[in-house]
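For reference, coords-v1.cif (mmCIF, C-alpha atoms):
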```cif
data_coords
loop_
_atom_site.group_PDB
_atom_site.id
_atom_site.type_symbol
_atom_site.label_atom_id
_atom_site.label_comp_id
_atom_site.auth_asym_id
_atom_site.auth_seq_id
_atom_site.Cartn_x
_atom_site.Cartn_y
_atom_site.Cartn_z
ATOM 1 C CA MET A 1 0.000 0.000 0.000
ATOM 2 C CA HIS A 2 1.295 3.440 -0.918
ATOM 3 C CA ASN A 3 2.125 5.845 1.891
ATOM 4 C CA GLU A 4 2.403 9.612 1.777
ATOM 5 C CA GLU A 5 5.888 10.682 2.870
ATOM 6 C CA SER A 6 7.111 14.061 4.097
ATOM 7 C CA ARG A 7 10.594 15.021 5.220
ATOM 8 C CA THR A 8 11.630 16.810 8.433
ATOM 9 C CA ASP A 9 15.119 17.698 9.783
ATOM 10 C CA LEU A 10 15.166 14.453 11.765
ATOM 11 C CA GLY A 11 13.898 12.099 9.094
ATOM 12 C CA ASN A 12 10.834 11.031 7.162
ATOM 13 C CA ILE A 13 7.221 10.929 8.252
ATOM 14 C CA ARG A 14 5.047 8.441 6.461
ATOM 15 C CA ILE A 15 1.293 8.444 6.670
ATOM 16 C CA HIS A 16 -0.266 5.163 5.683
ATOM 17 C CA LYS A 17 -3.356 5.152 3.470
ATOM 18 C CA ASN A 18 -5.213 3.322 6.258
ATOM 19 C CA VAL A 19 -4.649 6.309 8.567
ATOM 20 C CA ILE A 20 -6.242 8.630 6.032
ATOM 21 C CA ALA A 21 -9.115 6.190 5.533
ATOM 22 C CA SER A 22 -9.545 5.925 9.297
ATOM 23 C CA ILE A 23 -9.689 9.723 9.745
ATOM 24 C CA ALA A 24 -12.173 9.966 6.882
ATOM 25 C CA SER A 25 -14.339 7.236 8.395
ATOM 26 C CA LEU A 26 -14.424 8.896 11.832
ATOM 27 C CA ALA A 27 -15.087 12.319 10.312
ATOM 28 C CA ALA A 28 -17.940 10.918 8.209
ATOM 29 C CA ILE A 29 -19.801 9.281 11.102
ATOM 30 C CA GLU A 30 -19.539 12.473 13.152
ATOM 31 C CA ILE A 31 -22.085 14.049 10.840
ATOM 32 C CA GLU A 32 -25.748 13.845 11.819
ATOM 33 C CA GLY A 33 -27.581 11.727 9.254
ATOM 34 C CA THR A 34 -24.713 9.335 8.571
ATOM 35 C CA LYS A 35 -25.541 5.845 9.760
ATOM 36 C CA ARG A 36 -22.190 4.206 9.014
ATOM 37 C CA VAL A 37 -19.489 3.791 6.407
ATOM 38 C CA GLY A 38 -20.386 1.284 3.694
ATOM 39 C CA GLN A 39 -18.514 -1.959 3.127
ATOM 40 C CA ASP A 40 -16.935 -3.883 0.318
ATOM 41 C CA LEU A 41 -16.320 -7.635 0.198
ATOM 42 C CA LYS A 42 -12.962 -7.435 1.983
ATOM 43 C CA SER A 43 -14.019 -5.123 4.812
ATOM 44 C CA GLY A 44 -17.212 -7.171 5.288
ATOM 45 C CA PHE A 45 -15.161 -10.339 5.657
ATOM 46 C CA MET A 46 -12.672 -8.661 8.002
ATOM 47 C CA GLU A 47 -15.518 -7.403 10.191
ATOM 48 C CA PHE A 48 -16.993 -10.903 10.199
ATOM 49 C CA ILE A 49 -13.761 -12.273 11.666
ATOM 50 C CA GLY A 50 -13.577 -9.396 14.128
ATOM 51 C CA LYS A 51 -10.956 -7.197 12.480
ATOM 52 C CA LYS A 52 -11.391 -3.574 11.479
ATOM 53 C CA SER A 53 -10.692 -2.785 7.844
ATOM 54 C CA PHE A 54 -11.045 0.424 5.870
ATOM 55 C CA SER A 55 -10.606 -1.191 2.462
ATOM 56 C CA ALA A 56 -13.984 0.160 1.321
ATOM 57 C CA ILE A 57 -12.533 3.685 1.519
ATOM 58 C CA LYS A 58 -10.322 4.211 -1.520
ATOM 59 C CA VAL A 59 -7.390 6.567 -1.005
ATOM 60 C CA GLU A 60 -5.175 7.661 -3.899
ATOM 61 C CA PHE A 61 -2.242 10.021 -4.102
ATOM 62 C CA ASP A 62 -1.566 11.811 -7.361
ATOM 63 C CA LYS A 63 1.826 12.970 -8.660
ATOM 64 C CA ASN A 64 1.561 16.303 -6.798
ATOM 65 C CA GLY A 65 0.937 14.492 -3.512
ATOM 66 C CA GLU A 66 -2.708 15.495 -3.468
ATOM 67 C CA VAL A 67 -5.206 13.055 -2.009
ATOM 68 C CA LYS A 68 -8.229 11.693 -3.817
ATOM 69 C CA LEU A 69 -10.655 9.867 -1.586
ATOM 70 C CA GLU A 70 -13.741 7.783 -2.271
ATOM 71 C CA ILE A 71 -15.989 6.872 0.625
ATOM 72 C CA PRO A 72 -19.145 4.705 0.611
ATOM 73 C CA LEU A 73 -21.833 5.765 3.068
ATOM 74 C CA ILE A 74 -25.093 4.524 4.503
ATOM 75 C CA ILE A 75 -27.422 7.428 5.245
ATOM 76 C CA LYS A 76 -30.195 7.504 7.844
ATOM 77 C CA TYR A 77 -33.731 7.646 6.532
ATOM 78 C CA GLY A 78 -35.291 11.115 6.546
ATOM 79 C CA TYR A 79 -32.160 13.175 5.938
ATOM 80 C CA ASN A 80 -31.429 15.252 2.841
ATOM 81 C CA ILE A 81 -28.727 13.342 0.980
ATOM 82 C CA PRO A 82 -26.949 16.272 -0.770
ATOM 83 C CA GLU A 83 -26.819 18.173 2.529
ATOM 84 C CA VAL A 84 -25.415 15.222 4.483
ATOM 85 C CA ALA A 85 -22.926 14.395 1.690
ATOM 86 C CA ALA A 86 -21.710 18.001 1.509
ATOM 87 C CA LYS A 87 -21.282 18.128 5.307
ATOM 88 C CA VAL A 88 -19.378 14.825 5.235
ATOM 89 C CA GLN A 89 -17.066 16.107 2.471
ATOM 90 C CA GLU A 90 -16.427 19.313 4.410
ATOM 91 C CA ASN A 91 -15.766 17.523 7.710
ATOM 92 C CA ILE A 92 -13.421 14.996 6.083
ATOM 93 C CA ARG A 93 -11.523 17.800 4.340
ATOM 94 C CA ASN A 94 -11.191 19.841 7.561
ATOM 95 C CA ASN A 95 -10.073 16.877 9.646
ATOM 96 C CA LEU A 96 -7.595 15.567 7.079
ATOM 97 C CA GLU A 97 -6.055 18.996 6.568
ATOM 98 C CA LYS A 98 -5.886 19.585 10.325
ATOM 99 C CA MET A 99 -4.385 16.203 11.189
ATOM 100 C CA THR A 100 -2.131 15.449 8.247
ATOM 101 C CA ASN A 101 -1.403 18.764 6.454
ATOM 102 C CA LEU A 102 -2.156 16.957 3.196
ATOM 103 C CA LEU A 103 -3.690 18.665 0.201
ATOM 104 C CA ILE A 104 -7.100 17.234 -0.606
ATOM 105 C CA LYS A 105 -8.119 17.128 -4.237
ATOM 106 C CA ASP A 106 -11.406 15.242 -4.322
ATOM 107 C CA ILE A 107 -13.649 13.602 -1.755
ATOM 108 C CA ASN A 108 -16.145 11.467 -3.627
ATOM 109 C CA VAL A 109 -19.068 10.207 -1.599
ATOM 110 C CA ASN A 110 -20.952 7.127 -2.708
ATOM 111 C CA ILE A 111 -24.319 6.610 -1.014
ATOM 112 C CA GLN A 112 -24.828 2.852 -0.939
ATOM 113 C CA ALA A 113 -28.061 2.567 1.005
ATOM 114 C CA ILE A 114 -30.566 4.228 3.293
ATOM 115 C CA GLU A 115 -31.352 2.708 6.670
ATOM 116 C CA LYS A 116 -33.656 3.620 9.513
ATOM 117 C CA GLY A 117 -31.726 5.526 12.178
ATOM 118 C CA MET B 118 -23.749 0.000 -29.082
ATOM 119 C CA LYS B 119 -20.063 0.688 -28.610
ATOM 120 C CA PHE B 120 -17.433 -0.994 -30.788
ATOM 121 C CA PHE B 121 -15.825 -2.914 -27.902
ATOM 122 C CA THR B 122 -19.174 -4.209 -26.637
ATOM 123 C CA VAL B 123 -19.998 -5.517 -30.136
ATOM 124 C CA LEU B 124 -16.511 -7.010 -30.402
ATOM 125 C CA GLY B 125 -16.944 -8.703 -27.020
ATOM 126 C CA ILE B 126 -20.330 -10.155 -27.958
ATOM 127 C CA VAL B 127 -18.976 -11.450 -31.321
ATOM 128 C CA PHE B 128 -15.889 -12.900 -29.604
ATOM 129 C CA TYR B 129 -17.816 -14.770 -26.916
ATOM 130 C CA SER B 130 -20.497 -15.941 -29.352
ATOM 131 C CA THR B 131 -17.791 -17.350 -31.659
ATOM 132 C CA ILE B 132 -16.045 -19.166 -28.803
ATOM 133 C CA ILE B 133 -19.279 -20.628 -27.460
ATOM 134 C CA ILE B 134 -20.410 -21.695 -30.972
ATOM 135 C CA LEU B 135 -17.015 -23.358 -31.581
ATOM 136 C CA VAL B 136 -17.208 -25.221 -28.252
ATOM 137 C CA GLY B 137 -20.762 -26.292 -29.066
ATOM 138 C CA LEU B 138 -19.824 -27.445 -32.591
ATOM 139 C CA SER B 139 -16.825 -29.407 -31.253
ATOM 140 C CA MET B 140 -19.057 -31.154 -28.714
ATOM 141 C CA ILE B 141 -21.625 -32.034 -31.398
ATOM 142 C CA GLY B 142 -18.808 -33.150 -33.726
ATOM 143 C CA LEU B 143 -17.344 -35.383 -31.027
ATOM 144 C CA SER B 144 -20.678 -36.935 -30.129
ATOM 145 C CA LEU B 145 -21.530 -37.657 -33.795
ATOM 146 C CA ASN B 146 -18.021 -39.000 -34.511
ATOM 147 C CA LEU B 147 -17.494 -36.224 -37.100
ATOM 148 C CA ILE B 148 -14.201 -35.376 -35.403
ATOM 149 C CA PRO B 149 -12.190 -38.601 -35.096
ATOM 150 C CA MET B 150 -10.712 -39.177 -31.674
ATOM 151 C CA GLN B 151 -7.477 -40.204 -33.371
ATOM 152 C CA ASN B 152 -7.023 -36.657 -34.735
ATOM 153 C CA ILE B 153 -7.431 -35.182 -31.270
ATOM 154 C CA ASN B 154 -5.016 -37.731 -29.888
ATOM 155 C CA ASN B 155 -2.458 -36.888 -32.587
ATOM 156 C CA LEU B 156 -2.859 -33.179 -31.872
ATOM 157 C CA LEU B 157 -2.308 -33.726 -28.144
ATOM 158 C CA VAL B 158 0.748 -35.902 -28.768
ATOM 159 C CA TYR B 159 2.157 -33.275 -31.131
ATOM 160 C CA LEU B 160 1.475 -30.575 -28.508
ATOM 161 C CA GLN B 161 3.214 -32.675 -25.867
ATOM 162 C CA ASN B 162 6.346 -33.030 -28.005
ATOM 163 C CA SER B 163 6.622 -29.504 -29.451
ATOM 164 C CA THR B 164 7.933 -26.847 -27.047
ATOM 165 C CA ASN B 165 7.050 -23.984 -29.412
ATOM 166 C CA LEU B 166 3.463 -25.146 -29.727
ATOM 167 C CA LYS B 167 3.234 -25.493 -25.938
ATOM 168 C CA ILE B 168 4.374 -21.869 -25.518
ATOM 169 C CA ILE B 169 1.903 -20.646 -28.168
ATOM 170 C CA PHE B 170 -0.895 -22.656 -26.558
ATOM 171 C CA GLY B 171 -0.089 -21.345 -23.065
ATOM 172 C CA LEU B 172 0.183 -17.729 -24.236
ATOM 173 C CA SER B 173 -3.133 -18.009 -26.099
ATOM 174 C CA GLY B 174 -4.764 -19.234 -22.898
ATOM 175 C CA PHE B 175 -3.241 -16.354 -20.927
ATOM 176 C CA LEU B 176 -4.451 -13.870 -23.569
ATOM 177 C CA LEU B 177 -7.963 -15.313 -23.436
ATOM 178 C CA ILE B 178 -8.027 -14.877 -19.637
ATOM 179 C CA LEU B 179 -6.841 -11.262 -19.975
ATOM 180 C CA ILE B 180 -9.478 -10.503 -22.621
ATOM 181 C CA SER B 181 -12.162 -12.056 -20.413
ATOM 182 C CA PHE B 182 -11.134 -9.956 -17.405
ATOM 183 C CA SER B 183 -11.058 -6.717 -19.389
ATOM 184 C CA PHE B 184 -14.497 -7.380 -20.894
ATOM 185 C CA ALA B 185 -15.897 -8.324 -17.492
ATOM 186 C CA GLN B 186 -14.546 -5.076 -16.039
ATOM 187 C CA LEU B 187 -15.924 -3.093 -18.957
ATOM 188 C CA ILE B 188 -19.384 -4.595 -18.595
ATOM 189 C CA LEU B 189 -19.462 -4.469 -14.780
ATOM 190 C CA GLY B 190 -18.151 -0.891 -14.775
ATOM 191 C CA LYS B 191 -20.856 0.074 -17.239
ATOM 192 C CA PHE B 192 -23.534 -1.551 -15.088
ATOM 193 C CA GLN B 193 -22.198 0.155 -11.982
ATOM 194 C CA ARG B 194 -22.191 3.568 -13.682
ATOM 195 C CA GLU B 195 -25.769 3.077 -14.786
ATOM 196 C CA LYS B 196 -26.860 2.089 -11.302
ATOM 197 C CA THR B 197 -26.098 5.414 -9.643
ATOM 198 C CA ILE B 198 -27.332 8.976 -9.662
ATOM 199 C CA ALA B 199 -24.405 11.399 -9.537
ATOM 200 C CA PHE B 200 -24.026 15.081 -8.813
ATOM 201 C CA SER B 201 -21.028 17.271 -8.077
ATOM 202 C CA THR B 202 -20.254 19.500 -5.143
ATOM 203 C CA THR B 203 -17.303 21.823 -4.573
ATOM 204 C CA SER B 204 -15.416 19.081 -2.706
ATOM 205 C CA GLY B 205 -16.008 16.266 -5.194
ATOM 206 C CA GLU B 206 -18.654 13.984 -6.569
ATOM 207 C CA VAL B 207 -21.596 12.366 -4.782
ATOM 208 C CA THR B 208 -23.066 9.185 -6.218
ATOM 209 C CA VAL B 209 -26.271 7.694 -4.871
ATOM 210 C CA ALA B 210 -26.887 4.013 -5.565
ATOM 211 C CA LEU B 211 -30.279 3.379 -7.117
ATOM 212 C CA SER B 212 -30.778 0.649 -4.518
ATOM 213 C CA ALA B 213 -30.541 3.416 -1.882
ATOM 214 C CA VAL B 214 -33.369 5.279 -3.643
ATOM 215 C CA GLU B 215 -35.316 2.005 -3.695
ATOM 216 C CA ASP B 216 -34.735 1.648 0.086
ATOM 217 C CA LEU B 217 -36.098 5.151 0.508
ATOM 218 C CA ILE B 218 -39.261 4.378 -1.474
ATOM 219 C CA LYS B 219 -39.817 1.098 0.410
ATOM 220 C CA ARG B 220 -40.026 3.098 3.641
ATOM 221 C CA LEU B 221 -43.100 4.876 2.252
ATOM 222 C CA THR B 222 -45.143 1.725 3.004
ATOM 223 C CA GLY B 223 -45.506 2.937 6.574
ATOM 224 C CA ILE B 224 -46.927 6.300 5.491
ATOM 225 C CA ILE B 225 -49.866 4.975 3.451
ATOM 226 C CA ALA B 226 -51.957 2.591 5.527
ATOM 227 C CA GLU B 227 -53.646 0.883 2.541
ATOM 228 C CA ILE B 228 -50.335 -0.427 1.167
ATOM 229 C CA LYS B 229 -49.285 -3.891 2.295
ATOM 230 C CA GLU B 230 -46.170 -4.206 0.197
ATOM 231 C CA LEU B 231 -44.215 -1.948 -2.138
ATOM 232 C CA ARG B 232 -41.536 -3.182 -4.523
ATOM 233 C CA PRO B 233 -39.773 -0.326 -6.276
ATOM 234 C CA ASN B 234 -37.457 -0.486 -9.272
ATOM 235 C CA VAL B 235 -35.559 2.710 -10.049
ATOM 236 C CA ILE B 236 -33.864 3.403 -13.388
ATOM 237 C CA ALA B 237 -31.813 6.505 -14.142
ATOM 238 C CA SER B 238 -31.982 7.408 -17.828
ATOM 239 C CA LYS B 239 -31.263 10.465 -19.952
ATOM 240 C CA LYS B 240 -34.917 11.474 -19.677
ATOM 241 C CA GLY B 241 -34.781 11.518 -15.878
ATOM 242 C CA ILE B 242 -35.520 9.094 -13.076
ATOM 243 C CA GLU B 243 -37.980 6.318 -13.845
ATOM 244 C CA VAL B 244 -39.646 4.602 -10.898
ATOM 245 C CA ASP B 245 -41.657 1.405 -11.308
ATOM 246 C CA LEU B 246 -43.752 0.557 -8.280
ATOM 247 C CA ARG B 247 -45.300 -2.873 -7.794
ATOM 248 C CA VAL B 248 -47.909 -2.527 -5.094
ATOM 249 C CA ILE B 249 -49.908 -4.971 -2.998
ATOM 250 C CA LEU B 250 -52.900 -3.281 -1.371
ATOM 251 C CA LYS B 251 -54.417 -4.236 1.957
ATOM 252 C CA SER B 252 -58.036 -3.542 1.136
ATOM 253 C CA GLU B 253 -60.247 -2.308 -1.647
ATOM 254 C CA ALA B 254 -59.135 1.294 -1.521
ATOM 255 C CA ASN B 255 -59.972 3.932 -4.107
ATOM 256 C CA ILE B 256 -57.222 3.023 -6.554
ATOM 257 C CA PRO B 257 -57.093 6.237 -8.680
ATOM 258 C CA GLU B 258 -56.966 8.377 -5.558
ATOM 259 C CA LEU B 259 -54.445 6.121 -3.840
ATOM 260 C CA THR B 260 -52.126 5.833 -6.842
ATOM 261 C CA SER B 261 -52.057 9.577 -7.477
ATOM 262 C CA ARG B 262 -51.337 10.134 -3.777
ATOM 263 C CA LEU B 263 -48.560 7.518 -3.909
ATOM 264 C CA GLN B 264 -47.072 9.114 -7.043
ATOM 265 C CA GLU B 265 -47.125 12.540 -5.431
ATOM 266 C CA ILE B 266 -45.571 11.306 -2.150
ATOM 267 C CA THR B 267 -42.877 9.323 -3.993
ATOM 268 C CA ARG B 268 -42.005 12.251 -6.248
ATOM 269 C CA SER B 269 -41.830 14.771 -3.395
ATOM 270 C CA LYS B 270 -39.831 12.370 -1.194
ATOM 271 C CA ILE B 271 -37.221 11.725 -3.913
ATOM 272 C CA GLN B 272 -36.935 15.442 -4.682
ATOM 273 C CA GLU B 273 -36.754 16.335 -0.985
ATOM 274 C CA VAL B 274 -34.130 13.751 -0.096
ATOM 275 C CA LEU B 275 -32.009 13.867 -3.239
ATOM 276 C CA GLY B 276 -32.504 17.559 -3.938
ATOM 277 C CA LEU B 277 -32.707 16.820 -7.661
ATOM 278 C CA GLU B 278 -34.629 18.882 -10.157
ATOM 279 C CA GLU B 279 -34.660 16.116 -12.770
ATOM 280 C CA GLN B 280 -37.948 14.787 -14.105
ATOM 281 C CA ILE B 281 -39.322 11.818 -12.183
ATOM 282 C CA PHE B 282 -41.634 9.382 -13.951
ATOM 283 C CA ILE B 283 -43.588 7.080 -11.670
ATOM 284 C CA ARG B 284 -45.359 4.000 -13.003
ATOM 285 C CA ILE B 285 -47.559 2.032 -10.617
ATOM 286 C CA HIS B 286 -48.644 -1.555 -11.042
ATOM 287 C CA ILE B 287 -51.183 -2.919 -8.595
ATOM 288 C CA ALA B 288 -50.152 -6.545 -8.374
ATOM 289 C CA LYS B 289 -52.658 -7.743 -5.799
ATOM 290 C CA ILE B 290 -55.423 -6.574 -3.515
ATOM 291 C CA ILE B 291 -55.730 -8.508 -0.296
ATOM 292 C CA THR B 292 -59.323 -8.509 0.960
ATOM 293 C CA PRO B 293 -60.079 -8.797 4.705
ATOM 294 C CA GLU B 294 -61.490 -12.332 4.117
ATOM 295 C CA GLU B 295 -58.292 -13.401 2.376
ATOM 296 C CA LYS B 296 -56.247 -11.932 5.194
ATOM 297 C CA GLU B 297 -58.343 -13.835 7.725
ATOM 298 C CA ARG B 298 -57.997 -17.067 5.712
ATOM 299 C CA LYS B 299 -54.227 -16.685 5.519
ATOM 300 C CA LYS B 300 -54.076 -16.120 9.257
ATOM 301 C CA LYS B 301 -56.116 -19.280 9.856
ATOM 302 C CA ASP B 302 -53.908 -21.260 7.438
ATOM 303 C CA ASN B 303 -50.824 -20.121 9.306
ATOM 304 C CA GLU B 304 -52.366 -21.164 12.607
ATOM 305 C CA ARG B 305 -53.221 -24.583 11.130
ATOM 306 C CA GLU B 306 -49.652 -25.011 9.856
ATOM 307 C CA ASP B 307 -48.230 -24.270 13.311
ATOM 308 C CA PRO B 308 -50.503 -26.153 15.733
ATOM 309 C CA ALA B 309 -49.782 -25.796 19.422
ATOM 310 C CA VAL B 310 -47.600 -28.612 20.746
ATOM 311 C CA PRO B 311 -49.467 -30.565 23.428
ATOM 312 C CA TYR B 312 -47.950 -30.217 26.894
ATOM 313 C CA SER B 313 -45.515 -27.619 25.455
ATOM 314 C CA GLY B 314 -45.821 -25.548 28.629
ATOM 315 C CA PHE B 315 -45.434 -28.548 30.896
ATOM 316 C CA GLY B 316 -42.617 -28.220 33.397
ATOM 317 C CA ARG B 317 -42.224 -24.460 32.935
ATOM 318 C CA ILE B 318 -42.049 -22.418 36.097
#
```
As a first step, turn the structure in this file into structure tokens.
Amino acid sequence: MHNEESRTDLGNIRIHKNVIASIASLAAIEIEGTKRVGQDLKSGFMEFIGKKSFSAIKVEFDKNGEVKLEIPLIIKYGYNIPEVAAKVQENIRNNLEKMTNLLIKDINVNIQAIEKG
Amino acid sequence: MKFFTVLGIVFYSTIIILVGLSMIGLSLNLIPMQNINNLLVYLQNSTNLKIIFGLSGFLLILISFSFAQLILGKFQREKTIAFSTTSGEVTVALSAVEDLIKRLTGIIAEIKELRPNVIASKKGIEVDLRVILKSEANIPELTSRLQEITRSKIQEVLGLEEQIFIRIHIAKIITPEEKERKKKDNEREDPAVPYSGFGRI
């Protein structure tokens, strides 16, 4: 898995893609109206065996070191989807910039389902 | 239809037809077993032919994967509604819209079951609703109410200004007598076990 690397006087700092996915996941569920982060086959299996996996959240770094993120979400019934999605994008951007100093290019939200809250 | 899709269909049809013809040929003894045996022996002895055979197999697998990705990717793209915001793109799975519509069952008392099918096309969003009604309600009034509620709910939740076409199909109307009969049938299927409570404190 690709890591984002930055250099300081004392050495290198690497941020693993999983860390970015983890921040994004926590930032997404902070927003009112978000039920949970969606799953793919791998993360579903990992959860089944009791391990946490963020493989459903796709993190990519482009040549300029900018981050492109794709996050699947399950939204609670009764909430306005564009509003919730926009709030999630904003919160993820703020938290990632605050915690990692990375430049965020795109945060694509994929609403997988709607569930009763 | 795109060039690659046509190419894929022609390719797979040809392969399947060839496999079918070979099977028919073998069963009718049109292809002598000796020829196949000779071919296999020749393949076993020739290194060049083995390499060509192996590479052809590898190429076939690669072609299959790329076509599968192309088709699945196409299906996935068609199964979402997308819109852009300043921070990126938001895609809503059509199954999520279907979930949303299913929840409307609770709002209208006369509806027993609602099975939605949502299609996003160039014209707008097409919603097919298959409805099972609880009792003999006023169907024109009920359907127009259902159409209105569905339309307003989709627009409210998705915030889309696209045209929404709603088709309703009443699949069944369950009368009170039928409901009662079903209840009785269920009771008959699950009779109480004698002495089932015996020994309980």
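Of the listed residues A:Val37, A:Leu102, A:Ala24, A:Ile92, the one whose atoms come nearest to Asn64 (chain A) is A:Leu102, with distances taken using only C-alpha atoms.
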Using all atoms listed in the file, which residues sit within 7 Å of region 85-88 of chain A once same-chain residues fewer than 4 positions away are excluded, as JSON, numbers by chain? {"A": [28, 31, 81, 92, 109], "B": [202, 207]}
Keeping only C-alpha atoms, write the selected residues to a file as a short mmCIF file (atom, residue, chain, number, x, y, z; two decimals), keeping the file's coordinate frame.
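Output file result.cif is given in full below:
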```cif
data_model
loop_
_atom_site.label_atom_id
_atom_site.label_comp_id
_atom_site.auth_asym_id
_atom_site.auth_seq_id
_atom_site.Cartn_x
_atom_site.Cartn_y
_atom_site.Cartn_z
CA ALA A 28 -17.94 10.92 8.21
CA ILE A 31 -22.08 14.05 10.84
CA ILE A 81 -28.73 13.34 0.98
CA ILE A 92 -13.42 15.00 6.08
CA VAL A 109 -19.07 10.21 -1.60
CA THR B 202 -20.25 19.50 -5.14
CA VAL B 207 -21.60 12.37 -4.78
#
```
Taking all atoms listed in the file into account and nothing else, which residues of chain B lie no more than 10 Å away from chain A? Please answer as a PyMOL selection string. chain B and resi 197-218+220+270-277
Give as a PDB file with C-alpha atoms, in the frame of the given file the residues that the PyMOL selection byres ((chain A and resi 15) around 12) matches when applied to the coordinates above.
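As a result, selection13.pdb now contains:
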```pdb
ATOM      1  CA  MET A   1       0.000   0.000   0.000  1.00  0.00           C
ATOM      2  CA  HIS A   2       1.295   3.440  -0.918  1.00  0.00           C
ATOM      3  CA  ASN A   3       2.125   5.845   1.891  1.00  0.00           C
ATOM      4  CA  GLU A   4       2.403   9.612   1.777  1.00  0.00           C
ATOM      5  CA  GLU A   5       5.888  10.682   2.870  1.00  0.00           C
ATOM      6  CA  SER A   6       7.111  14.061   4.097  1.00  0.00           C
ATOM      7  CA  ARG A   7      10.594  15.021   5.220  1.00  0.00           C
ATOM      8  CA  ASN A  12      10.834  11.031   7.162  1.00  0.00           C
ATOM      9  CA  ILE A  13       7.221  10.929   8.252  1.00  0.00           C
ATOM     10  CA  ARG A  14       5.047   8.441   6.461  1.00  0.00           C
ATOM     11  CA  HIS A  16      -0.266   5.163   5.683  1.00  0.00           C
ATOM     12  CA  LYS A  17      -3.356   5.152   3.470  1.00  0.00           C
ATOM     13  CA  ASN A  18      -5.213   3.322   6.258  1.00  0.00           C
ATOM     14  CA  VAL A  19      -4.649   6.309   8.567  1.00  0.00           C
ATOM     15  CA  ILE A  20      -6.242   8.630   6.032  1.00  0.00           C
ATOM     16  CA  ALA A  21      -9.115   6.190   5.533  1.00  0.00           C
ATOM     17  CA  SER A  22      -9.545   5.925   9.297  1.00  0.00           C
ATOM     18  CA  ILE A  23      -9.689   9.723   9.745  1.00  0.00           C
ATOM     19  CA  VAL A  59      -7.390   6.567  -1.005  1.00  0.00           C
ATOM     20  CA  PHE A  61      -2.242  10.021  -4.102  1.00  0.00           C
ATOM     21  CA  GLY A  65       0.937  14.492  -3.512  1.00  0.00           C
ATOM     22  CA  VAL A  67      -5.206  13.055  -2.009  1.00  0.00           C
ATOM     23  CA  LEU A  96      -7.595  15.567   7.079  1.00  0.00           C
ATOM     24  CA  MET A  99      -4.385  16.203  11.189  1.00  0.00           C
ATOM     25  CA  THR A 100      -2.131  15.449   8.247  1.00  0.00           C
ATOM     26  CA  ASN A 101      -1.403  18.764   6.454  1.00  0.00           C
ATOM     27  CA  LEU A 102      -2.156  16.957   3.196  1.00  0.00           C
TER      28      LEU A 102
END
```
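When CA of Asn234 (chain B) is paired with CA of Leu246 (chain B), their separation reads 6.5 Å.
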Hits from the PyMOL selection byres ((chain B and resi 255-258) around 12), listed as a tab-separated table (two decimals) with C-alpha atoms, in the coordinates of the input:
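Output file part.tsv is given in full below:
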```tsv
chain	number	residue	atom	x	y	z
B	225	ILE	CA	-49.87	4.97	3.45
B	227	GLU	CA	-53.65	0.88	2.54
B	228	ILE	CA	-50.34	-0.43	1.17
B	248	VAL	CA	-47.91	-2.53	-5.09
B	249	ILE	CA	-49.91	-4.97	-3.00
B	250	LEU	CA	-52.90	-3.28	-1.37
B	251	LYS	CA	-54.42	-4.24	1.96
B	252	SER	CA	-58.04	-3.54	1.14
B	253	GLU	CA	-60.25	-2.31	-1.65
B	254	ALA	CA	-59.14	1.29	-1.52
B	259	LEU	CA	-54.44	6.12	-3.84
B	260	THR	CA	-52.13	5.83	-6.84
B	261	SER	CA	-52.06	9.58	-7.48
B	262	ARG	CA	-51.34	10.13	-3.78
B	263	LEU	CA	-48.56	7.52	-3.91
B	264	GLN	CA	-47.07	9.11	-7.04
B	265	GLU	CA	-47.12	12.54	-5.43
B	285	ILE	CA	-47.56	2.03	-10.62
B	286	HIS	CA	-48.64	-1.56	-11.04
B	287	ILE	CA	-51.18	-2.92	-8.60
B	289	LYS	CA	-52.66	-7.74	-5.80
B	290	ILE	CA	-55.42	-6.57	-3.52
```
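Taking CA of Ser53 (chain A) and CA of Lys196 (chain B) as endpoints, the distance between them is 25.5 Å.
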